[in-house]
Each structure stands twice: as C-alpha cells, then as structure tokens.
Amino acid sequence: MTLFFKKNKNLSPSLSKEVLQRIQEESQVLGKEQILFVRMVEKQNGMGEVQVSFLDRNQSDTESLRFENEVTKRTLSKGEFQYEKGNVYFYPNVDLEWKLTPNQNIHRIQSNYEFSNEKLILEKKDFKKLRPILTACFLKEEVISLYMDGNICQLELETLDKEKEIRISDVLLTYVSRFYSSPLIEPHRLQ
C-alpha cells in the first residue's frame, strides 16, 4: 500500500496563500517588509519542533522564508506552512510506500523523510530501546525484527494484512512527522 500526501518538489517548503497574506499584514503593521524565520529545536523528549517567527526582510532574502541553517531547510523542504486559528503551522507531507521483497516475511517501507540517520538492526527483545510510539506499535503488531537506515524501514512479520499495514503506516507517519532525532531513546552507534 502507498500512502501519498500532497507532494512538493520544491527545494523549499510551500507557503499557503493565508501565510503569505499574514506576512503582508505583519509587514503593514510594522511598516517594514517581513519574512518568516524558521528553525527547528529538539525538545527534551527527542521530538523536533518547528518554530516560526517574523523577521525584517534583508537584501539577501530571495524568498518569504529564511531558515536558521541548511539542515532545517533540507528537512522541511517537502512540507507546507499553513495559517490556521491565528498560528502558522508546518505540515510535513510525508509519503510512505510499502514495497515487496524477495522474502515474504520482510516488508520494506520507503519514505520521503528519514526514519533513522544511522543503520539500525533490532530484534523484538530490543524494541524497548525504541521511542515508545514505535515500541508499542511493533510489539502490538508482532514485528519480529526491524532494520532502519535513512528513509528505509524493513519489518519482519509472520503475517501482514491490510488493517495491520494501515495501523503500522499510521504510527510511522506520526513518528516521521514528529522529527525525532533518532528512533532510539538513547541514540548510539551500532558495532
């Protein structure tokens, strides 16, 4: 099964017309042309948070967005900023695609976002090392082992039906959308 959300092939996230209008309103109030300044911070629980504020536009700004760094820009490039209920929100537009493998018990999931920034191989007994959202899902869905590397997640399962695939996809979408620094509670290097 493939879950697709709105795709954005730009190198920078898109801005809804409401966000552009809000930038214009802020520019008029302050009497200076404004842009959105975007940064990502890691919260204590390892979850990434997108923070947005207004800044004065300078001559080097070619867009209505300025990023704290290139990593933030690259991480958020597939998403979209929207203005709702007085706030600017970021929506990552995650794609997940389940792919067949030669082994019927190995199920490969590919995403347009990273699952892990390092190679990770875990057996069921080690799932407690994962973020709670992943641990709970993989144990409930009877995952035998997992492999993660970059935008690839492979799960070993005895059986997989459409309902289980949807439940696992929902959890993986949530996990990826939260921009965790690592799937592990305590990131480490594998030997």
# chains A, B, ... in the order shown; residues from 1 in each chain; ligands from 1
>>> residues_around(residues="Asn69 in chain A", least_positions_apart="4", cutoff="10 Å", atoms="only C-alpha atoms", output="tab-separated table (two decimals) with N, CA, C and O atoms, in the first residue's frame")
chain	number	residue	atom	x	y	z
A	38	VAL	N	12.48	30.46	10.21
A	38	VAL	CA	12.14	29.09	10.60
A	38	VAL	C	13.36	28.41	11.22
A	38	VAL	O	14.45	28.45	10.65
A	39	ARG	N	13.12	27.78	12.36
A	39	ARG	CA	14.18	26.99	12.99
A	39	ARG	C	13.56	25.74	13.59
A	39	ARG	O	12.36	25.69	13.84
A	40	MET	N	14.41	24.75	13.80
A	40	MET	CA	13.97	23.51	14.44
A	40	MET	C	14.74	23.36	15.74
A	40	MET	O	15.95	23.58	15.77
A	73	LYS	N	16.38	23.72	6.41
A	73	LYS	CA	15.76	23.93	5.10
A	73	LYS	C	15.56	22.61	4.37
A	73	LYS	O	14.49	22.34	3.83
A	74	ARG	N	16.59	21.76	4.37
A	74	ARG	CA	16.50	20.47	3.69
A	74	ARG	C	15.46	19.56	4.36
A	74	ARG	O	14.66	18.91	3.68
>>> residues_around(residues="Leu184 in chain A", least_positions_apart="4", cutoff="7 Å", atoms="only C-alpha atoms", output="list in words")
Lys129, Leu130 and Arg131 of chain A
>>> atom_distance(atom1="CA of Ser111 in chain A", atom2="CA of Leu96 in chain A")
4.6 Å
>>> closest_residue(among="A:Gln44, A:Gln104, A:Ser64, A:Gln59", to="Leu20 in chain A", atoms="only C-alpha atoms")
A:Ser64
>>> residues_around(residues="Gly79 in chain A", least_positions_apart="6", cutoff="6 Å", atoms="only C-alpha atoms", output="MDAnalysis selection string")
chainID A and resid 13 91:93
>>> write_last_selection(atoms="C-alpha atoms", output="tab-separated table (two decimals), in the first residue's frame")
chain	number	residue	atom	x	y	z
A	13	PRO	CA	8.53	24.31	1.72
A	91	TYR	CA	2.73	20.15	7.67
A	92	PRO	CA	5.46	17.74	6.51
A	93	ASN	CA	3.56	15.96	3.68
>>> atom_distance(atom1="CA of Leu160 in chain A", atom2="CA of Arg178 in chain A")
25.5 Å
>>> atom_distance(atom1="CA of Ser53 in chain A", atom2="CA of Asp95 in chain A")
27.3 Å
>>> select_by_dssp(residues="chain A", states="helix (DSSP H, G or I)", output="ChimeraX atom specification")
/A:17-30,70-76,124-129,132-140,162-177
>>> closest_residue(among="A:Leu172, A:Ile133, A:Ile166, A:Leu139", to="Ile152 in chain A", atoms="only C-alpha atoms")
A:Leu172
